[in-house]
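**Student:** Here you go, this is protein_39.txt (compact mmCIF, C-alpha atoms).
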```
# COMPACT_ATOMS: atom_id res chain seq x y z
CA MET A 1 0.00 0.00 0.00
CA GLN A 2 1.32 3.43 -0.93
CA ILE A 3 1.08 6.09 1.79
CA ALA A 4 1.55 9.68 0.62
CA ILE A 5 2.29 12.27 3.30
CA VAL A 6 1.91 15.85 2.09
CA LEU A 7 4.43 18.55 3.02
CA TYR A 8 4.15 22.32 2.54
CA ASP A 9 5.98 25.34 3.92
CA GLY A 10 4.95 25.91 7.51
CA PHE A 11 3.58 22.43 8.28
CA THR A 12 3.96 21.13 11.83
CA ALA A 13 6.53 18.33 11.87
CA LEU A 14 4.95 16.07 14.49
CA ASP A 15 1.64 16.13 12.55
CA ALA A 16 3.45 14.35 9.72
CA VAL A 17 5.88 12.21 11.69
CA GLY A 18 3.29 10.66 14.05
CA PRO A 19 1.36 8.92 11.25
CA TYR A 20 4.60 8.18 9.39
CA GLU A 21 6.13 6.39 12.38
CA THR A 22 3.03 4.25 12.95
CA LEU A 23 1.41 3.66 9.55
CA GLY A 24 4.82 3.42 7.91
CA ARG A 25 5.40 0.22 9.90
CA LEU A 26 2.63 -1.60 8.04
CA PRO A 27 4.27 -4.70 6.60
CA ASP A 28 3.63 -3.64 2.99
CA ALA A 29 3.79 0.14 3.40
CA ARG A 30 5.57 2.21 0.80
CA THR A 31 5.62 5.67 2.32
CA VAL A 32 6.42 8.70 0.21
CA PHE A 33 6.66 12.32 1.30
CA VAL A 34 5.26 14.60 -1.40
CA ALA A 35 5.08 18.34 -1.97
CA GLU A 36 4.39 20.74 -4.79
CA ARG A 37 8.12 20.75 -5.47
CA SER A 38 10.49 17.98 -4.38
CA GLY A 39 13.35 18.78 -2.01
CA PRO A 40 13.52 20.12 1.54
CA VAL A 41 10.33 21.64 2.96
CA ARG A 42 10.57 23.86 6.05
CA ALA A 43 8.35 23.21 9.04
CA ASP A 44 6.63 25.99 10.98
CA THR A 45 9.52 26.67 13.37
CA GLY A 46 11.99 27.31 10.57
CA SER A 47 14.54 25.09 12.28
CA LEU A 48 13.61 21.79 10.63
CA ALA A 49 13.15 20.66 7.04
CA LEU A 50 11.80 17.31 5.87
CA THR A 51 12.56 16.12 2.38
CA ALA A 52 9.77 15.66 -0.13
CA ASP A 53 11.14 12.86 -2.31
CA ARG A 54 8.40 13.27 -4.89
CA THR A 55 6.18 15.99 -6.29
CA LEU A 56 2.40 15.80 -5.97
CA ALA A 57 2.28 14.89 -9.66
CA ASP A 58 4.59 11.95 -9.00
CA ALA A 59 2.03 10.41 -6.65
CA PRO A 60 -1.28 10.44 -8.51
CA SER A 61 -2.93 7.50 -6.77
CA PRO A 62 -1.79 6.73 -3.23
CA ASP A 63 -3.87 4.24 -1.28
CA LEU A 64 -3.66 6.42 1.81
CA VAL A 65 -3.07 10.15 1.96
CA VAL A 66 -2.11 12.07 5.11
CA VAL A 67 -2.43 15.86 5.26
CA PRO A 68 -0.67 17.42 8.25
CA GLY A 69 -1.61 20.80 9.71
CA GLY A 70 0.37 23.81 10.74
CA PRO A 71 0.33 27.58 10.26
CA GLY A 72 1.26 27.14 6.60
CA GLN A 73 -2.17 25.64 5.93
CA GLN A 74 -3.72 29.09 5.95
CA ALA A 75 -1.97 30.20 2.77
CA LEU A 76 -3.21 27.12 0.90
CA MET A 77 -6.95 27.31 1.46
CA GLU A 78 -7.51 28.44 -2.14
CA HIS A 79 -4.35 26.99 -3.64
CA ALA A 80 -5.48 25.03 -6.69
CA PRO A 81 -2.38 22.85 -7.18
CA LEU A 82 -2.84 21.29 -3.75
CA LEU A 83 -6.66 21.29 -3.59
CA ASP A 84 -6.95 19.82 -7.10
CA TRP A 85 -4.45 17.11 -6.18
CA LEU A 86 -6.38 16.30 -3.01
CA ARG A 87 -9.61 15.92 -5.00
CA THR A 88 -7.87 13.78 -7.59
CA VAL A 89 -6.20 11.39 -5.18
CA ASP A 90 -9.32 11.19 -3.05
CA ALA A 91 -11.19 9.80 -6.04
CA THR A 92 -9.16 6.58 -5.82
CA SER A 93 -7.77 6.53 -2.27
CA THR A 94 -8.77 3.89 0.22
CA TRP A 95 -8.22 6.31 3.10
CA THR A 96 -8.07 10.10 3.10
CA THR A 97 -6.74 11.45 6.38
CA SER A 98 -5.50 14.54 8.17
CA VAL A 99 -3.94 15.69 11.41
CA CYS A 100 -4.62 19.03 13.11
CA THR A 101 -5.50 21.83 10.68
CA GLY A 102 -4.83 19.51 7.77
CA SER A 103 -8.57 18.85 7.99
CA LEU A 104 -9.18 22.46 6.93
CA LEU A 105 -7.37 21.69 3.67
CA LEU A 106 -9.49 18.58 3.14
CA ALA A 107 -12.55 20.71 3.88
CA ALA A 108 -11.41 23.46 1.52
CA ALA A 109 -11.11 20.82 -1.19
CA GLY A 110 -14.76 19.97 -0.52
CA LEU A 111 -14.02 16.52 0.85
CA LEU A 112 -15.53 16.89 4.32
CA THR A 113 -18.85 18.50 3.46
CA GLY A 114 -21.49 17.06 5.77
CA ARG A 115 -18.96 14.71 7.34
CA ARG A 116 -18.01 14.31 10.98
CA ALA A 117 -14.43 15.47 11.40
CA THR A 118 -12.01 17.03 13.83
CA SER A 119 -9.05 19.41 13.92
CA HIS A 120 -6.89 21.26 16.42
CA TRP A 121 -9.18 22.42 19.24
CA LEU A 122 -8.57 26.05 18.29
CA ALA A 123 -9.74 25.38 14.72
CA LEU A 124 -12.97 23.44 15.29
CA ASP A 125 -15.26 26.42 14.65
CA HIS A 126 -13.33 27.22 11.51
CA LEU A 127 -13.81 23.66 10.29
CA ARG A 128 -17.58 24.13 10.59
CA ARG A 129 -17.43 27.16 8.28
CA TYR A 130 -16.08 24.87 5.59
CA GLY A 131 -19.05 22.57 5.81
CA ALA A 132 -17.77 19.81 8.07
CA LEU A 133 -19.42 18.67 11.29
CA PRO A 134 -16.73 19.10 13.94
CA THR A 135 -16.64 16.80 16.94
CA GLY A 136 -14.50 16.98 20.04
CA GLU A 137 -13.14 13.47 19.60
CA ARG A 138 -9.42 12.87 19.19
CA VAL A 139 -9.72 10.63 16.15
CA VAL A 140 -12.81 10.67 13.93
CA PHE A 141 -13.69 8.04 11.34
CA ASP A 142 -16.40 8.93 8.80
CA GLY A 143 -16.26 6.31 6.08
CA LYS A 144 -12.84 6.49 4.51
CA TYR A 145 -12.18 9.95 5.96
CA VAL A 146 -10.13 9.92 9.13
CA THR A 147 -9.25 13.16 10.89
CA ALA A 148 -7.22 13.66 14.05
CA ALA A 149 -7.11 16.53 16.55
CA GLY A 150 -4.02 18.66 17.23
CA VAL A 151 -0.39 17.75 16.46
CA SER A 152 0.34 14.72 18.68
CA SER A 153 -3.00 13.04 17.90
CA GLY A 154 -1.61 11.73 14.63
CA ILE A 155 0.06 8.95 16.62
CA ASP A 156 -3.30 7.80 17.99
CA MET A 157 -4.81 8.08 14.51
CA GLY A 158 -1.97 6.09 13.00
CA LEU A 159 -2.45 3.24 15.44
CA ALA A 160 -6.23 3.25 15.11
CA LEU A 161 -5.99 3.16 11.33
CA LEU A 162 -3.30 0.51 11.43
CA GLY A 163 -5.67 -1.65 13.45
CA ARG A 164 -8.39 -1.25 10.83
CA ILE A 165 -6.02 -2.02 7.97
CA ALA A 166 -3.82 -4.77 9.37
CA GLY A 167 -5.62 -5.97 12.49
CA ASP A 168 -5.34 -5.26 16.19
CA ASP A 169 -2.26 -7.42 16.66
CA ARG A 170 -0.20 -5.51 14.10
CA ALA A 171 -1.25 -2.21 15.66
CA ARG A 172 -0.34 -3.45 19.13
CA ALA A 173 3.06 -4.63 17.83
CA VAL A 174 3.76 -1.15 16.44
CA GLN A 175 2.63 0.44 19.72
CA LEU A 176 5.08 -1.83 21.55
CA ALA A 177 7.91 -1.23 19.08
CA THR A 178 7.51 2.54 19.43
CA GLU A 179 7.02 2.13 23.20
CA TYR A 180 3.90 4.27 23.03
CA ASP A 181 2.97 4.07 26.68
CA PRO A 182 2.39 7.78 27.21
CA GLN A 183 3.10 9.27 30.62
CA PRO A 184 2.70 13.02 30.21
CA PRO A 185 4.15 14.83 33.23
CA TYR A 186 1.11 17.15 33.25
CA ASP A 187 -2.57 16.73 32.49
CA ALA A 188 -3.10 19.78 30.32
CA GLY A 189 -3.47 18.35 26.83
CA SER A 190 -6.98 19.56 26.07
CA PRO A 191 -8.89 22.78 26.78
CA ALA A 192 -11.12 20.84 29.17
CA LYS A 193 -8.12 19.81 31.28
CA ALA A 194 -5.66 22.71 31.02
CA PRO A 195 -5.77 25.70 33.40
CA ALA A 196 -8.26 28.30 32.12
CA HIS A 197 -5.63 31.05 31.88
CA LEU A 198 -3.56 28.93 29.46
CA VAL A 199 -6.62 28.17 27.32
CA ALA A 200 -7.34 31.90 27.22
CA GLU A 201 -3.71 32.71 26.40
CA LEU A 202 -3.66 30.30 23.44
CA ARG A 203 -7.02 31.54 22.19
CA GLY A 204 -5.69 35.09 22.44
CA ARG A 205 -2.80 34.44 20.09
CA SER A 206 -4.61 32.02 17.80
CA ARG A 207 -5.06 32.78 14.12
CA PHE A 208 -8.50 31.18 14.44
CA THR A 209 -9.89 33.49 17.11
CA PRO A 210 -13.21 34.90 15.82
CA SER A 211 -12.81 38.55 14.92
CA MET B 1 19.22 28.58 24.67
CA GLN B 2 20.67 26.56 21.80
CA ILE B 3 19.24 23.05 21.38
CA ALA B 4 21.25 20.71 19.14
CA ILE B 5 19.49 17.60 17.87
CA VAL B 6 21.84 15.03 16.37
CA LEU B 7 21.00 13.18 13.15
CA TYR B 8 22.74 10.15 11.65
CA ASP B 9 21.86 7.61 8.97
CA GLY B 10 19.28 5.20 10.31
CA PHE B 11 17.96 7.33 13.20
CA THR B 12 14.29 6.97 14.14
CA ALA B 13 12.43 10.11 13.14
CA LEU B 14 9.97 10.34 16.04
CA ASP B 15 12.87 10.08 18.53
CA ALA B 16 14.14 13.39 17.18
CA VAL B 17 10.84 15.10 16.39
CA GLY B 18 9.19 14.51 19.80
CA PRO B 19 11.78 16.58 21.72
CA TYR B 20 11.99 19.08 18.84
CA GLU B 21 8.25 19.75 18.88
CA THR B 22 8.17 20.26 22.66
CA LEU B 23 11.53 21.75 23.68
CA GLY B 24 11.69 23.78 20.49
CA ARG B 25 8.68 25.76 21.77
CA LEU B 26 10.71 27.21 24.64
CA PRO B 27 10.37 30.98 24.27
CA ASP B 28 14.11 31.48 23.68
CA ALA B 29 14.93 28.18 21.95
CA ARG B 30 17.22 28.18 18.97
CA THR B 31 17.00 24.63 17.69
CA VAL B 32 19.55 23.30 15.24
CA PHE B 33 19.69 19.87 13.63
CA VAL B 34 23.29 18.70 13.32
CA ALA B 35 25.07 15.77 11.71
CA GLU B 36 28.55 14.80 10.71
CA ARG B 37 27.80 16.30 7.31
CA SER B 38 25.10 18.88 6.68
CA GLY B 39 22.27 18.11 4.28
CA PRO B 40 19.53 15.47 4.22
CA VAL B 41 19.93 12.53 6.61
CA ARG B 42 17.86 9.38 6.02
CA ALA B 43 15.82 7.90 8.84
CA ASP B 44 15.66 4.15 9.49
CA THR B 45 12.75 3.47 7.13
CA GLY B 46 14.52 4.97 4.13
CA SER B 47 11.38 6.89 3.21
CA LEU B 48 12.08 10.08 5.17
CA ALA B 49 15.02 12.46 5.37
CA LEU B 50 15.45 15.33 7.81
CA THR B 51 17.85 18.14 6.99
CA ALA B 52 20.90 18.73 9.16
CA ASP B 53 21.41 22.47 8.76
CA ARG B 54 24.79 22.39 10.47
CA THR B 55 27.70 20.02 10.94
CA LEU B 56 28.71 18.81 14.38
CA ALA B 57 31.69 21.16 14.18
CA ASP B 58 29.31 24.09 13.60
CA ALA B 59 27.68 23.48 16.99
CA PRO B 60 30.51 23.21 19.50
CA SER B 61 28.64 24.36 22.59
CA PRO B 62 24.87 23.80 22.62
CA ASP B 63 23.10 24.35 25.93
CA LEU B 64 21.03 21.23 25.38
CA VAL B 65 21.90 18.23 23.23
CA VAL B 66 19.42 15.54 22.15
CA VAL B 67 20.63 12.20 20.78
CA PRO B 68 17.88 10.14 19.14
CA GLY B 69 18.04 6.38 18.75
CA GLY B 70 17.42 4.05 15.87
CA PRO B 71 19.07 1.10 14.16
CA GLY B 72 21.79 3.38 12.82
CA GLN B 73 23.12 3.83 16.36
CA GLN B 74 24.78 0.42 16.18
CA ALA B 75 27.31 1.46 13.53
CA LEU B 76 28.39 4.47 15.61
CA MET B 77 29.30 2.86 18.93
CA GLU B 78 33.01 3.32 18.22
CA HIS B 79 32.74 6.23 15.79
CA ALA B 80 35.17 8.84 17.06
CA PRO B 81 33.79 11.89 15.20
CA LEU B 82 30.44 11.53 16.99
CA LEU B 83 31.66 10.22 20.35
CA ASP B 84 34.37 12.89 20.58
CA TRP B 85 31.80 15.58 19.77
CA LEU B 86 29.44 14.23 22.43
CA ARG B 87 32.22 14.36 25.05
CA THR B 88 33.16 17.88 23.96
CA VAL B 89 29.67 19.35 24.03
CA ASP B 90 28.87 17.56 27.27
CA ALA B 91 31.71 19.45 28.94
CA THR B 92 29.74 22.68 28.63
CA SER B 93 26.12 21.60 28.13
CA THR B 94 23.43 22.39 30.68
CA TRP B 95 21.50 19.27 29.67
CA THR B 96 22.69 16.14 27.86
CA THR B 97 19.77 14.00 26.74
CA SER B 98 18.76 11.02 24.63
CA VAL B 99 15.74 9.13 23.38
CA CYS B 100 15.57 5.38 22.82
CA THR B 101 18.94 3.81 21.89
CA GLY B 102 20.48 7.27 21.76
CA SER B 103 21.43 6.50 25.38
CA LEU B 104 23.74 3.75 24.09
CA LEU B 105 25.69 6.43 22.21
CA LEU B 106 25.91 8.59 25.34
CA ALA B 107 27.06 5.49 27.24
CA ALA B 108 29.60 4.59 24.54
CA ALA B 109 31.01 8.10 24.93
CA GLY B 110 31.46 7.33 28.63
CA LEU B 111 28.88 9.85 29.77
CA LEU B 112 26.50 7.51 31.61
CA THR B 113 28.98 5.44 33.63
CA GLY B 114 27.43 4.79 37.02
CA ARG B 115 24.39 6.87 36.17
CA ARG B 116 20.73 5.90 36.23
CA ALA B 117 19.45 5.91 32.66
CA THR B 118 16.95 4.32 30.30
CA SER B 119 16.59 3.24 26.68
CA HIS B 120 14.23 1.29 24.46
CA TRP B 121 12.94 -1.66 26.50
CA LEU B 122 14.74 -4.07 24.16
CA ALA B 123 18.08 -2.33 24.80
CA LEU B 124 18.10 -2.00 28.60
CA ASP B 125 20.44 -4.96 29.16
CA HIS B 126 22.77 -3.60 26.51
CA LEU B 127 22.86 -0.24 28.27
CA ARG B 128 24.09 -2.00 31.41
CA ARG B 129 27.05 -3.46 29.50
CA TYR B 130 28.18 0.09 28.79
CA GLY B 131 28.31 0.95 32.45
CA ALA B 132 24.98 2.67 33.01
CA LEU B 133 22.38 1.66 35.58
CA PRO B 134 19.23 1.01 33.54
CA THR B 135 15.82 1.63 35.08
CA GLY B 136 12.41 0.79 33.76
CA GLU B 137 11.16 4.36 34.02
CA ARG B 138 9.99 6.25 30.96
CA VAL B 139 12.04 9.39 31.60
CA VAL B 140 15.09 9.32 33.87
CA PHE B 141 16.82 12.39 35.31
CA ASP B 142 20.30 11.90 36.79
CA GLY B 143 21.78 15.33 37.32
CA LYS B 144 21.99 16.98 33.93
CA TYR B 145 21.61 13.66 32.09
CA VAL B 146 18.08 12.95 30.93
CA THR B 147 17.29 9.75 29.06
CA ALA B 148 13.96 8.58 27.67
CA ALA B 149 12.66 5.13 26.79
CA GLY B 150 11.64 4.05 23.27
CA VAL B 151 10.72 6.31 20.36
CA SER B 152 7.53 8.11 21.49
CA SER B 153 8.87 8.77 25.00
CA GLY B 154 10.79 11.77 23.74
CA ILE B 155 7.56 13.74 23.90
CA ASP B 156 7.19 13.02 27.61
CA MET B 157 10.87 13.83 28.14
CA GLY B 158 10.54 17.08 26.24
CA LEU B 159 7.63 18.23 28.39
CA ALA B 160 9.29 17.15 31.64
CA LEU B 161 12.49 18.97 30.72
CA LEU B 162 10.57 22.01 29.56
CA GLY B 163 8.95 22.17 32.98
CA ARG B 164 12.35 22.10 34.68
CA ILE B 165 13.74 24.78 32.38
CA ALA B 166 10.83 27.18 31.96
CA GLY B 167 8.36 26.22 34.68
CA ASP B 168 5.27 24.07 34.83
CA ASP B 169 3.03 26.67 33.20
CA ARG B 170 5.16 26.87 30.03
CA ALA B 171 5.23 23.09 29.79
CA ARG B 172 1.46 22.88 30.22
CA ALA B 173 1.00 25.54 27.52
CA VAL B 174 3.09 23.47 25.10
CA GLN B 175 1.15 20.33 26.01
CA LEU B 176 -2.07 22.21 25.25
CA ALA B 177 -0.73 23.71 22.01
CA THR B 178 0.34 20.28 20.77
CA GLU B 179 -2.91 18.79 22.11
CA TYR B 180 -0.96 16.06 23.86
CA ASP B 181 -3.88 14.31 25.47
CA PRO B 182 -2.92 10.78 24.44
CA GLN B 183 -5.68 8.27 23.81
CA PRO B 184 -3.96 5.18 22.42
CA PRO B 185 -6.54 2.81 20.94
CA TYR B 186 -4.70 -0.13 22.57
CA ASP B 187 -2.86 -0.64 25.83
CA ALA B 188 0.22 -2.41 24.52
CA GLY B 189 2.93 0.23 24.79
CA SER B 190 5.24 -1.59 27.18
CA PRO B 191 6.36 -5.21 27.56
CA ALA B 192 4.44 -5.38 30.84
CA LYS B 193 1.19 -4.48 29.08
CA ALA B 194 1.46 -6.00 25.59
CA PRO B 195 0.41 -9.57 24.82
CA ALA B 196 3.25 -11.98 25.59
CA HIS B 197 3.39 -13.32 22.03
CA LEU B 198 4.10 -9.82 20.69
CA VAL B 199 6.82 -9.21 23.28
CA ALA B 200 8.39 -12.52 22.23
CA GLU B 201 8.05 -11.64 18.54
CA LEU B 202 9.84 -8.32 18.98
CA ARG B 203 12.54 -9.90 21.13
CA GLY B 204 13.01 -12.51 18.42
CA ARG B 205 13.80 -9.99 15.73
CA SER B 206 15.68 -7.55 17.94
CA ARG B 207 19.30 -6.70 17.27
CA PHE B 208 19.73 -6.63 21.06
CA THR B 209 18.64 -10.21 21.72
CA PRO B 210 21.32 -11.90 23.82
CA SER B 211 23.23 -14.41 21.71
```
Would you mind writing the file out in structure tokens?
**Tutor:**
Amino acid sequence: MQIAIVLYDGFTALDAVGPYETLGRLPDARTVFVAERSGPVRADTGSLALTADRTLADAPSPDLVVVPGGPGQQALMEHAPLLDWLRTVDATSTWTTSVCTGSLLLAAAGLLTGRRATSHWLALDHLRRYGALPTGERVVFDGKYVTAAGVSSGIDMGLALLGRIAGDDRARAVQLATEYDPQPPYDAGSPAKAPAHLVAELRGRSRFTPS
Amino acid sequence: MQIAIVLYDGFTALDAVGPYETLGRLPDARTVFVAERSGPVRADTGSLALTADRTLADAPSPDLVVVPGGPGQQALMEHAPLLDWLRTVDATSTWTTSVCTGSLLLAAAGLLTGRRATSHWLALDHLRRYGALPTGERVVFDGKYVTAAGVSSGIDMGLALLGRIAGDDRARAVQLATEYDPQPPYDAGSPAKAPAHLVAELRGRSRFTPS
């Protein structure tokens, strides 16, 4: 199965690497990182670049597509080369997936209209404006569309999807191999759990805050 | 504070990207990916390359160094250019850290002798042979040496270290921004929790299996 993971300037690295590190361990996975142009693509911090080995055109029919999020998503919401590619590959994909604000790109391509989906917690209202039905779940399956919440949730999505594709045992083996036995030192990973002043602080500097 | 994250052929991408995505959000972080030679460095799967923007020589005195693990570690256990650099930067670092089998490289450089440390669960016995005192904990602090267990544990280490460096509130804000509210679909992330046949399977194909 070919897995295409999309890169673009200003993506968030963990959004892409979480699904890569889990789904990429499928026994027959052929993972390819793709972007409009091949070569290094800078993540949102500016301090890391991942290599796109192929262009979008080089990967016209992946079985599974992963669209990460990140601040760079905003500049692509009307960007035909990417949105057209997403529509094209979706026509033949087995799974069309996203992490974080990658779901806004799927929505902008018209692929989530009327579908249950999720995104980074700061972007859920925005997702609704593009016709999707946002939920507060961490990983949302709606048919072949699988969307994950913010950044780190791509790991959970990868394992859940791996279970659907290859069976629970393969998914558990990958969880064990990656020692994914999370023990966060704090319990502040969602707006329902984090201190209110931090939720307010992040809303205050969010690009998604309603004007 | 300068954070240097080491890359080498055959590293595991999530080992590097977990600490990057957490520690790199320190307000004054200047993160740099370094390798023996600058340019793209292939991860263990072959399907992903991260860019080293600087050579090891270009980063002679980072405040914090992160050494990821991965199958490529094995070829470097006597590799002077890396081990000498680790000893040099450790002389002035504030924090010397690793994820997964990165701790074997720190140990091979003589930096973990007599220290409590951890590694991927498959490599704990091996770590002992290099003079460290392995523990089963997910993140181990011993003075300025911080080691994390397998692959995904670098996220937990990054948050724990961030709390020590910048305070609990900053760490919680990063946890919230990265929506690190893990909900693994299975409970198989450690050998104590995974089905015995999967633990045996992974031991059977491990490069660390005692001969």
**Student:** I want to know what sits within 8 Å of B:Val6, based on only C-alpha atoms, with residues of the same chain fewer than 5 positions away left out; could you give that as an NGL selection string?
**Tutor:** :B and (16 or 33-35 or 65-68)
**Student:** Take the selection from the previous step and output its residues with C-alpha atoms, as a short mmCIF file (atom, residue, chain, number, x, y, z; two decimals), in the coordinates of the input.
**Tutor:**
```cif
data_model
loop_
_atom_site.label_atom_id
_atom_site.label_comp_id
_atom_site.auth_asym_id
_atom_site.auth_seq_id
_atom_site.Cartn_x
_atom_site.Cartn_y
_atom_site.Cartn_z
CA ALA B 16 14.14 13.39 17.18
CA PHE B 33 19.69 19.87 13.63
CA VAL B 34 23.29 18.70 13.32
CA ALA B 35 25.07 15.77 11.71
CA VAL B 65 21.90 18.23 23.23
CA VAL B 66 19.42 15.54 22.15
CA VAL B 67 20.63 12.20 20.78
CA PRO B 68 17.88 10.14 19.14
#
```
**Student:** Using Å and a single decimal, report how far atom CA of A:Thr45 sits from atom CA of B:Asp58.
**Tutor:** 20.0 Å
**Student:** Measuring between all atoms listed in the file, which one of A:Thr178, A:Ala108, A:Ile3, A:Thr96 shows the shortest distance to A:Phe141?
**Tutor:** A:Thr96
**Student:** Might you pull out every residue within 7 Å of stretch 109-114 of chain A, with all atoms listed in the file counted and same-chain residues fewer than 6 positions away left off, and present them as number ranges by chain?
**Tutor:** A: 83, 86-87, 131-133
**Student:** When you draw a straight line from atom CA of B:Lys193 to atom CA of A:Asp15, how long is it in Å?
**Tutor:**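 Between atom CA of B:Lys193 and atom CA of A:Asp15 the gap works out to 26.4 Å.
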**Student:** How many Å lie between atom CA of B:Glu78 and atom CA of B:Tyr130, rounded to one decimal?
**Tutor:** 12.1 Å
**Student:** Using all atoms listed in the file, give me every residue within 6 Å of (0.9, 23.8, 13.0) in file coordinates, as a list in words.
**Tutor:**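 Output: Phe11, Thr12, Gly69, Gly70 and Pro71 of chain A.
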**Student:** Take the point (2.6, 32.4, 27.0) in the file's coordinates, draw a sphere of radius 8 Å around it, and report as a PyMOL selection string every protein, DNA or RNA residue with an atom inside or on it, counting only C-alpha atoms.
**Tutor:** (chain A and resi 198+201-202) or (chain B and resi 170+173)
**Student:** Could you work out an axis-aligned box for stretch 203-209 of chain B, taking every atom the file lists and adding 4 Å on each side, and report centre and edge lengths in Å to one decimal, as JSON?
**Tutor:**
```
{"center_x": 16.1, "center_y": -9.6, "center_z": 18.7, "size_x": 15.2, "size_y": 13.9, "size_z": 14.0}
```
**Student:** What lies within 8 Å of B:Gly154 using only C-alpha atoms, ignoring chain neighbours under 5 positions off, as a list of chain:residue names?
**Tutor:** B:Leu14, B:Asp15, B:Ala16, B:Gly18, B:Pro19, B:Val99, B:Ala148, B:Ala149
**Student:** Would you mind exporting the chosen residues as a PDB file, in the coordinates of the input, restricted to C-alpha atoms?
**Tutor:**
```pdb
ATOM      1  CA  LEU B  14       9.970  10.340  16.040  1.00  0.00           C
ATOM      2  CA  ASP B  15      12.870  10.080  18.530  1.00  0.00           C
ATOM      3  CA  ALA B  16      14.140  13.390  17.180  1.00  0.00           C
ATOM      4  CA  GLY B  18       9.190  14.510  19.800  1.00  0.00           C
ATOM      5  CA  PRO B  19      11.780  16.580  21.720  1.00  0.00           C
ATOM      6  CA  VAL B  99      15.740   9.130  23.380  1.00  0.00           C
ATOM      7  CA  ALA B 148      13.960   8.580  27.670  1.00  0.00           C
ATOM      8  CA  ALA B 149      12.660   5.130  26.790  1.00  0.00           C
TER       9      ALA B 149
END
```
**Student:** May I ask which of the residues B:Ala75, B:Val146, B:Ala43, B:Ile5 is the closest one to A:Glu21, counting only C-alpha atoms?
**Tutor:**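 Selected residue with least distance to A:Glu21: B:Ala43.
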**Student:** If we count all atoms listed in the file and set the cut-off at 8 Å, which residues sit around B:Leu26, ignoring sequence neighbours fewer than 4 positions away in its own chain? Please answer as JSON, numbers by chain.
**Tutor:** {"B": [22, 162, 166, 170]}
**Student:** May I ask which of the residues B:Asp28, B:Glu179, B:Asp169, B:Asp156 is the closest one to B:Asp63, counting all atoms listed in the file?
**Tutor:**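 Distance minimum relative to B:Asp63 lands on B:Asp28.
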**Student:** Determine the nearest neighbour of B:Gly10 from the options B:Ser190, B:Ser206, B:Gln74, B:Thr51, counting all atoms listed in the file.
**Tutor:**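 Of all the options, B:Gln74 lies closest to B:Gly10.
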**Student:** Using only C-alpha atoms, can you tell me which of A:Tyr180, A:Trp121, A:Trp85, A:Phe208 comes closest to chain B?
**Tutor:**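 Of the candidates, the smallest distance to chain B is held by A:Tyr180.
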**Student:** Nearest residue to chain A out of B:Gly136, B:Gly167, B:Pro185, B:Pro81, using only C-alpha atoms?
**Tutor:**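 Under the stated criterion, the closest residue is B:Pro185.
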